[in-house]
Amino acid sequence: MQVHVADHPLVSHKLTVLRDERTDSPTFRRLADELVTLLAYEATRDVRVEPVQVRTPVAEATGVRLSEPRPLVVPILRAGLGMLEGMQRLVPTAEVGFLGMVRNEETLEADTYAERLPDDLSGRQCYVLDPMLATGGSLAAAIQFLVRRGADHITAVCLLAAPEGIARIEKEMEEIGVPVTLVVAGLDDHLNELGYIVPGLGDAGDRLYGVAD
C-alpha cells in the first residue's frame with residue numbers, strides 16, 4: 001500500500017482550522033470541501049486516461065480523456081458525504097456509489113447497513129472517501145467489499161489518519177492483490193482508549209452535520 005501525506009501550506013492551514021473546536025459546522029463543511037478538492041488532485045494522479053483528438057480554433061491537437069469504465073467515487077456514510085462535493089468538483093464525470101458503515105463502539109469493528117453500488121466493478125478504479133482513518137475497521141471493510149465486487153485499483157482519501165489504522169490496512173491488504181493508495185491531509189500521533197485519533201478533530205460526522213441521536 002502506498003501512503004501519501006499531502007505536503008502543502010494550504011492543506012495544513014485548512015486542516016488546522018478544522019481541528020479547532022471553535023469552528024462551527026457550516027465553516028467545517030466548507031473547509032472540508034475545499035480540502036478534499038486539494039487532496040483529490042493528488043489522489044487522481046494515476047487516474048486512467050486514453051488519447052483523444054480534438055480540434056482547436058487553430059489546428060488538430062492530441063489530448064486525453066478519462067477512460068471507460070469511468071472512475072467510481074464511494075463515500076462511506078455518513079461522514080464521507082461531506083467529502084463528496086469536493087471530489088466531484090475535480091472529477092465531475094465520475095460515477096458515485098454509496099456504502100453505509102457504522103463503527104460498533106464496543107468492538108470498534110465496522111458494520112455494513114446499506115450499499116448502493118454496481119454488482120460488477122471489474123476494471124473499475126474506485127475512490128473511497130472516509131474522513132478519519134482511526135482503527136481502520138470501516139476502511140478495511142469497504143476496500144474488501146469493493147474488491148469482492150471486482151474493483152482492481154482503490155484509492156482512499158482521508159482527512160486524518162492514525163498509525164494504528166494505517167498498520168491495519170496494510171496488514172489486511174497484503175493478500176488481496178489489488179493496488180491500494182492512501183491519500184491523507186495529516187498523519188496524527190495515536191488512538192486513545194476510545195479509538196479516536198489524537199489530537200484529531202473530534203467526530204467528523206458530528207462536526208459536519210451536528211449530533212444526530
# chains A, B, ... in the order shown; residues from 1 in each chain; ligands from 1
call {"tool": "residues_around", "arguments": {"residues": "stretch 178-185 of chain A", "least_positions_apart": "6", "cutoff": "6 Å", "atoms": "only C-alpha atoms", "output": "short mmCIF file (atom, residue, chain, number, x, y, z; two decimals) with all heavy atoms, in the first residue's frame"}}
result
data_model
loop_
_atom_site.label_atom_id
_atom_site.label_comp_id
_atom_site.auth_asym_id
_atom_site.auth_seq_id
_atom_site.Cartn_x
_atom_site.Cartn_y
_atom_site.Cartn_z
N MET A 1 0.83 -1.19 0.00
CA MET A 1 0.00 0.00 0.00
C MET A 1 0.87 1.24 0.00
O MET A 1 1.84 1.33 0.76
CB MET A 1 -0.92 0.02 1.22
CG MET A 1 -1.89 1.19 1.23
SD MET A 1 -3.03 1.17 2.64
CE MET A 1 -1.95 1.72 3.95
N GLN A 2 0.53 2.18 -0.84
CA GLN A 2 1.23 3.46 -0.87
C GLN A 2 0.50 4.47 -0.01
O GLN A 2 -0.73 4.57 -0.06
CB GLN A 2 1.34 3.98 -2.31
CG GLN A 2 2.18 3.10 -3.22
CD GLN A 2 2.33 3.71 -4.60
OE1 GLN A 2 1.76 4.77 -4.90
NE2 GLN A 2 3.08 3.05 -5.45
N VAL A 3 1.23 5.23 0.79
CA VAL A 3 0.65 6.26 1.64
C VAL A 3 1.23 7.60 1.24
O VAL A 3 2.45 7.78 1.19
CB VAL A 3 0.95 6.00 3.13
CG1 VAL A 3 0.34 7.11 3.99
CG2 VAL A 3 0.40 4.64 3.55
N HIS A 4 0.35 8.55 0.92
CA HIS A 4 0.78 9.89 0.54
C HIS A 4 0.18 10.91 1.51
O HIS A 4 -1.03 11.04 1.59
CB HIS A 4 0.34 10.22 -0.89
CG HIS A 4 0.72 11.60 -1.33
ND1 HIS A 4 1.98 11.92 -1.78
CD2 HIS A 4 0.03 12.77 -1.35
CE1 HIS A 4 2.05 13.20 -2.08
NE2 HIS A 4 0.86 13.74 -1.82
N VAL A 5 1.05 11.58 2.26
CA VAL A 5 0.61 12.64 3.15
C VAL A 5 0.83 13.97 2.44
O VAL A 5 1.96 14.32 2.09
CB VAL A 5 1.40 12.61 4.48
CG1 VAL A 5 0.90 13.72 5.41
CG2 VAL A 5 1.26 11.26 5.16
N ALA A 6 -0.25 14.69 2.18
CA ALA A 6 -0.17 15.93 1.42
C ALA A 6 0.72 16.94 2.15
O ALA A 6 0.56 17.18 3.35
CB ALA A 6 -1.56 16.52 1.19
N ASP A 152 -10.28 -3.17 -9.22
CA ASP A 152 -8.88 -3.59 -9.38
C ASP A 152 -7.88 -2.49 -9.04
O ASP A 152 -6.69 -2.66 -9.24
CB ASP A 152 -8.62 -4.12 -10.78
CG ASP A 152 -8.71 -3.04 -11.86
OD1 ASP A 152 -9.08 -1.90 -11.54
OD2 ASP A 152 -8.38 -3.36 -13.01
N HIS A 153 -8.36 -1.35 -8.55
CA HIS A 153 -7.45 -0.28 -8.14
C HIS A 153 -8.23 0.64 -7.21
O HIS A 153 -9.26 1.18 -7.59
CB HIS A 153 -6.95 0.51 -9.35
CG HIS A 153 -5.87 1.51 -9.03
ND1 HIS A 153 -6.15 2.71 -8.43
CD2 HIS A 153 -4.53 1.47 -9.20
CE1 HIS A 153 -5.02 3.39 -8.26
NE2 HIS A 153 -4.03 2.66 -8.70
N ILE A 154 -7.76 0.81 -5.97
CA ILE A 154 -8.51 1.56 -4.97
C ILE A 154 -7.63 2.64 -4.35
O ILE A 154 -6.49 2.38 -3.94
CB ILE A 154 -9.05 0.62 -3.87
CG1 ILE A 154 -10.05 -0.37 -4.48
CG2 ILE A 154 -9.71 1.43 -2.75
CD1 ILE A 154 -10.50 -1.45 -3.53
N THR A 155 -8.18 3.84 -4.30
CA THR A 155 -7.53 4.95 -3.61
C THR A 155 -8.47 5.45 -2.52
O THR A 155 -9.64 5.72 -2.78
CB THR A 155 -7.21 6.10 -4.59
OG1 THR A 155 -6.32 5.62 -5.60
CG2 THR A 155 -6.55 7.26 -3.85
N ALA A 156 -7.96 5.55 -1.31
CA ALA A 156 -8.73 6.07 -0.19
C ALA A 156 -8.27 7.49 0.11
O ALA A 156 -7.07 7.75 0.17
CB ALA A 156 -8.56 5.18 1.04
N VAL A 157 -9.24 8.38 0.27
CA VAL A 157 -8.94 9.78 0.60
C VAL A 157 -9.48 10.05 1.99
O VAL A 157 -10.68 9.89 2.25
CB VAL A 157 -9.59 10.74 -0.42
CG1 VAL A 157 -9.25 12.18 -0.08
CG2 VAL A 157 -9.14 10.41 -1.84
N CYS A 158 -8.60 10.46 2.91
CA CYS A 158 -8.97 10.72 4.30
C CYS A 158 -8.40 12.07 4.72
O CYS A 158 -7.35 12.49 4.24
CB CYS A 158 -8.43 9.65 5.24
SG CYS A 158 -8.92 7.96 4.83
N LEU A 159 -9.10 12.72 5.64
CA LEU A 159 -8.58 13.97 6.19
C LEU A 159 -7.44 13.68 7.16
O LEU A 159 -6.39 14.33 7.11
CB LEU A 159 -9.69 14.75 6.91
CG LEU A 159 -10.90 15.14 6.06
CD1 LEU A 159 -11.88 15.94 6.89
CD2 LEU A 159 -10.48 15.92 4.82
N LEU A 160 -7.64 12.71 8.04
CA LEU A 160 -6.64 12.36 9.04
C LEU A 160 -6.50 10.86 9.16
O LEU A 160 -7.45 10.11 8.92
CB LEU A 160 -7.03 12.92 10.42
CG LEU A 160 -6.85 14.42 10.66
CD1 LEU A 160 -7.35 14.77 12.06
CD2 LEU A 160 -5.41 14.85 10.47
#
call {"tool": "select_by_dssp", "arguments": {"residues": "stretch 133-176 of chain A", "states": "strand (DSSP E)", "output": "list in words"}}
result
Leu133, His153, Ile154, Thr155, Ala156, Val157, Cys158, Leu159, Leu160 and Ala161 of chain A
call {"tool": "closest_atom_pairs", "arguments": {"of": "stretch 91-205 of chain A", "to": "stretch 59-82 of chain A", "cutoff": "8 Å", "atoms": "only C-alpha atoms", "output": "Markdown table"}}
result
| residue | atom | partner | partner_atom | distance |
| --- | --- | --- | --- | --- |
| A:Thr93 | CA | A:Arg70 | CA | 7.4 |
| A:Ala94 | CA | A:Pro71 | CA | 5.1 |
| A:Glu95 | CA | A:Leu72 | CA | 4.8 |
| A:Val96 | CA | A:Val73 | CA | 4.8 |
| A:Gly97 | CA | A:Val74 | CA | 4.9 |
| A:Phe98 | CA | A:Val74 | CA | 5.3 |
| A:Leu99 | CA | A:Ile76 | CA | 5.0 |
| A:Gly100 | CA | A:Leu77 | CA | 4.6 |
| A:Met101 | CA | A:Leu77 | CA | 6.2 |
| A:Val102 | CA | A:Leu77 | CA | 8.0 |
| A:Gly123 | CA | A:Pro69 | CA | 7.2 |
| A:Arg124 | CA | A:Pro71 | CA | 6.2 |
| A:Gln125 | CA | A:Pro71 | CA | 5.1 |
| A:Cys126 | CA | A:Leu72 | CA | 4.8 |
| A:Tyr127 | CA | A:Val73 | CA | 4.7 |
| A:Val128 | CA | A:Val74 | CA | 4.7 |
| A:Leu129 | CA | A:Pro75 | CA | 4.4 |
| A:Asp130 | CA | A:Gly80 | CA | 4.8 |
| A:Pro131 | CA | A:Gly80 | CA | 6.1 |
| A:Ala142 | CA | A:Ile76 | CA | 7.9 |
| A:Ala204 | CA | A:Ala79 | CA | 6.2 |
| A:Gly205 | CA | A:Ala79 | CA | 4.4 |
call {"tool": "residues_around", "arguments": {"residues": "stretch 164-172 of chain A", "least_positions_apart": "4", "cutoff": "8 Å", "atoms": "only C-alpha atoms", "output": "list in words"}}
result
Met1, Leu133, Ala134, Thr135, Gly136, Gly137, Leu139, Ala140, Ile176, His190 and Leu191 of chain A
call {"tool": "residues_around", "arguments": {"residues": "stretch 84-86 of chain A", "least_positions_apart": "6", "cutoff": "8 Å", "atoms": "only C-alpha atoms", "output": "PyMOL selection string"}}
result
chain A and resi 32-37+40+73+75+129
call {"tool": "atom_distance", "arguments": {"atom1": "atom CA of A:Gly210", "atom2": "atom CA of A:Phe28"}}
result
10.7 Å
call {"tool": "residues_around", "arguments": {"residues": "A:Asp189", "least_positions_apart": "3", "cutoff": "8 Å", "atoms": "only C-alpha atoms", "output": "VMD selection string"}}
result
chain A and resid 162 to 163 197 to 199
call {"tool": "write_last_selection", "arguments": {"atoms": "C-alpha atoms", "output": "tab-separated table (two decimals), in the first residue's frame"}}
result
chain	number	residue	atom	x	y	z
A	162	ALA	CA	-3.57	7.32	12.82
A	163	PRO	CA	-0.58	4.95	12.61
A	197	ILE	CA	-7.46	9.93	16.73
A	198	VAL	CA	-5.25	12.14	18.91
A	199	PRO	CA	-5.03	15.10	18.55
call {"tool": "decode", "arguments": {"residues": "stretch 128-158 of chain A", "atoms": "N, CA and C atoms", "output": "PDB file, in the first residue's frame"}}
result
ATOM      1  N   VAL A 128     -12.414   5.870  -2.453  1.00  0.00           N
ATOM      2  CA  VAL A 128     -13.205   5.764  -1.227  1.00  0.00           C
ATOM      3  C   VAL A 128     -12.972   7.005  -0.376  1.00  0.00           C
ATOM      4  N   LEU A 129     -14.069   7.613   0.087  1.00  0.00           N
ATOM      5  CA  LEU A 129     -13.989   8.822   0.898  1.00  0.00           C
ATOM      6  C   LEU A 129     -14.392   8.512   2.331  1.00  0.00           C
ATOM      7  N   ASP A 130     -13.475   8.735   3.260  1.00  0.00           N
ATOM      8  CA  ASP A 130     -13.732   8.487   4.679  1.00  0.00           C
ATOM      9  C   ASP A 130     -12.880   9.470   5.469  1.00  0.00           C
ATOM     10  N   PRO A 131     -13.490  10.422   6.185  1.00  0.00           N
ATOM     11  CA  PRO A 131     -12.701  11.496   6.798  1.00  0.00           C
ATOM     12  C   PRO A 131     -11.608  11.015   7.746  1.00  0.00           C
ATOM     13  N   MET A 132     -11.912   9.995   8.575  1.00  0.00           N
ATOM     14  CA  MET A 132     -10.986   9.615   9.638  1.00  0.00           C
ATOM     15  C   MET A 132     -10.566   8.154   9.512  1.00  0.00           C
ATOM     16  N   LEU A 133      -9.283   7.916   9.339  1.00  0.00           N
ATOM     17  CA  LEU A 133      -8.753   6.553   9.381  1.00  0.00           C
ATOM     18  C   LEU A 133      -8.223   6.340  10.795  1.00  0.00           C
ATOM     19  N   ALA A 134      -9.081   5.816  11.652  1.00  0.00           N
ATOM     20  CA  ALA A 134      -8.729   5.636  13.063  1.00  0.00           C
ATOM     21  C   ALA A 134      -8.283   4.194  13.301  1.00  0.00           C
ATOM     22  N   THR A 135      -9.215   3.322  13.676  1.00  0.00           N
ATOM     23  CA  THR A 135      -8.851   1.913  13.868  1.00  0.00           C
ATOM     24  C   THR A 135      -8.645   1.205  12.532  1.00  0.00           C
ATOM     25  N   GLY A 136      -9.222   1.750  11.468  1.00  0.00           N
ATOM     26  CA  GLY A 136      -9.091   1.144  10.146  1.00  0.00           C
ATOM     27  C   GLY A 136     -10.174   0.144   9.819  1.00  0.00           C
ATOM     28  N   GLY A 137     -11.084  -0.118  10.749  1.00  0.00           N
ATOM     29  CA  GLY A 137     -12.103  -1.135  10.511  1.00  0.00           C
ATOM     30  C   GLY A 137     -13.035  -0.813   9.366  1.00  0.00           C
ATOM     31  N   SER A 138     -13.563   0.412   9.334  1.00  0.00           N
ATOM     32  CA  SER A 138     -14.507   0.791   8.280  1.00  0.00           C
ATOM     33  C   SER A 138     -13.843   0.792   6.917  1.00  0.00           C
ATOM     34  N   LEU A 139     -12.664   1.385   6.833  1.00  0.00           N
ATOM     35  CA  LEU A 139     -11.991   1.475   5.544  1.00  0.00           C
ATOM     36  C   LEU A 139     -11.565   0.100   5.046  1.00  0.00           C
ATOM     37  N   ALA A 140     -11.046  -0.742   5.917  1.00  0.00           N
ATOM     38  CA  ALA A 140     -10.652  -2.094   5.512  1.00  0.00           C
ATOM     39  C   ALA A 140     -11.852  -2.872   4.999  1.00  0.00           C
ATOM     40  N   ALA A 141     -12.980  -2.761   5.705  1.00  0.00           N
ATOM     41  CA  ALA A 141     -14.194  -3.462   5.278  1.00  0.00           C
ATOM     42  C   ALA A 141     -14.677  -2.933   3.938  1.00  0.00           C
ATOM     43  N   ALA A 142     -14.597  -1.615   3.745  1.00  0.00           N
ATOM     44  CA  ALA A 142     -15.038  -1.022   2.481  1.00  0.00           C
ATOM     45  C   ALA A 142     -14.170  -1.489   1.322  1.00  0.00           C
ATOM     46  N   ILE A 143     -12.873  -1.507   1.519  1.00  0.00           N
ATOM     47  CA  ILE A 143     -11.963  -1.949   0.462  1.00  0.00           C
ATOM     48  C   ILE A 143     -12.226  -3.403   0.101  1.00  0.00           C
ATOM     49  N   GLN A 144     -12.382  -4.254   1.108  1.00  0.00           N
ATOM     50  CA  GLN A 144     -12.654  -5.662   0.847  1.00  0.00           C
ATOM     51  C   GLN A 144     -13.983  -5.849   0.122  1.00  0.00           C
ATOM     52  N   PHE A 145     -14.981  -5.045   0.476  1.00  0.00           N
ATOM     53  CA  PHE A 145     -16.283  -5.089  -0.188  1.00  0.00           C
ATOM     54  C   PHE A 145     -16.128  -4.779  -1.676  1.00  0.00           C
ATOM     55  N   LEU A 146     -15.362  -3.725  -1.999  1.00  0.00           N
ATOM     56  CA  LEU A 146     -15.167  -3.327  -3.395  1.00  0.00           C
ATOM     57  C   LEU A 146     -14.365  -4.365  -4.165  1.00  0.00           C
ATOM     58  N   VAL A 147     -13.367  -4.940  -3.531  1.00  0.00           N
ATOM     59  CA  VAL A 147     -12.546  -5.963  -4.195  1.00  0.00           C
ATOM     60  C   VAL A 147     -13.391  -7.190  -4.519  1.00  0.00           C
ATOM     61  N   ARG A 148     -14.279  -7.578  -3.604  1.00  0.00           N
ATOM     62  CA  ARG A 148     -15.153  -8.728  -3.871  1.00  0.00           C
ATOM     63  C   ARG A 148     -16.063  -8.467  -5.070  1.00  0.00           C
ATOM     64  N   ARG A 149     -16.366  -7.210  -5.335  1.00  0.00           N
ATOM     65  CA  ARG A 149     -17.185  -6.854  -6.497  1.00  0.00           C
ATOM     66  C   ARG A 149     -16.359  -6.723  -7.777  1.00  0.00           C
ATOM     67  N   GLY A 150     -15.021  -6.818  -7.668  1.00  0.00           N
ATOM     68  CA  GLY A 150     -14.186  -6.808  -8.861  1.00  0.00           C
ATOM     69  C   GLY A 150     -13.333  -5.585  -9.059  1.00  0.00           C
ATOM     70  N   ALA A 151     -13.354  -4.606  -8.144  1.00  0.00           N
ATOM     71  CA  ALA A 151     -12.512  -3.413  -8.286  1.00  0.00           C
ATOM     72  C   ALA A 151     -11.045  -3.825  -8.337  1.00  0.00           C
ATOM     73  N   ASP A 152     -10.283  -3.168  -9.223  1.00  0.00           N
ATOM     74  CA  ASP A 152      -8.885  -3.591  -9.376  1.00  0.00           C
ATOM     75  C   ASP A 152      -7.882  -2.493  -9.044  1.00  0.00           C
ATOM     76  N   HIS A 153      -8.357  -1.352  -8.547  1.00  0.00           N
ATOM     77  CA  HIS A 153      -7.451  -0.277  -8.141  1.00  0.00           C
ATOM     78  C   HIS A 153      -8.231   0.639  -7.209  1.00  0.00           C
ATOM     79  N   ILE A 154      -7.756   0.806  -5.972  1.00  0.00           N
ATOM     80  CA  ILE A 154      -8.507   1.560  -4.969  1.00  0.00           C
ATOM     81  C   ILE A 154      -7.631   2.635  -4.351  1.00  0.00           C
ATOM     82  N   THR A 155      -8.182   3.842  -4.295  1.00  0.00           N
ATOM     83  CA  THR A 155      -7.530   4.952  -3.614  1.00  0.00           C
ATOM     84  C   THR A 155      -8.465   5.449  -2.522  1.00  0.00           C
ATOM     85  N   ALA A 156      -7.956   5.548  -1.309  1.00  0.00           N
ATOM     86  CA  ALA A 156      -8.732   6.069  -0.193  1.00  0.00           C
ATOM     87  C   ALA A 156      -8.274   7.487   0.112  1.00  0.00           C
ATOM     88  N   VAL A 157      -9.239   8.382   0.274  1.00  0.00           N
ATOM     89  CA  VAL A 157      -8.944   9.781   0.597  1.00  0.00           C
ATOM     90  C   VAL A 157      -9.477  10.054   1.993  1.00  0.00           C
ATOM     91  N   CYS A 158      -8.601  10.457   2.913  1.00  0.00           N
ATOM     92  CA  CYS A 158      -8.973  10.725   4.300  1.00  0.00           C
ATOM     93  C   CYS A 158      -8.403  12.072   4.723  1.00  0.00           C
TER      94      CYS A 158
END
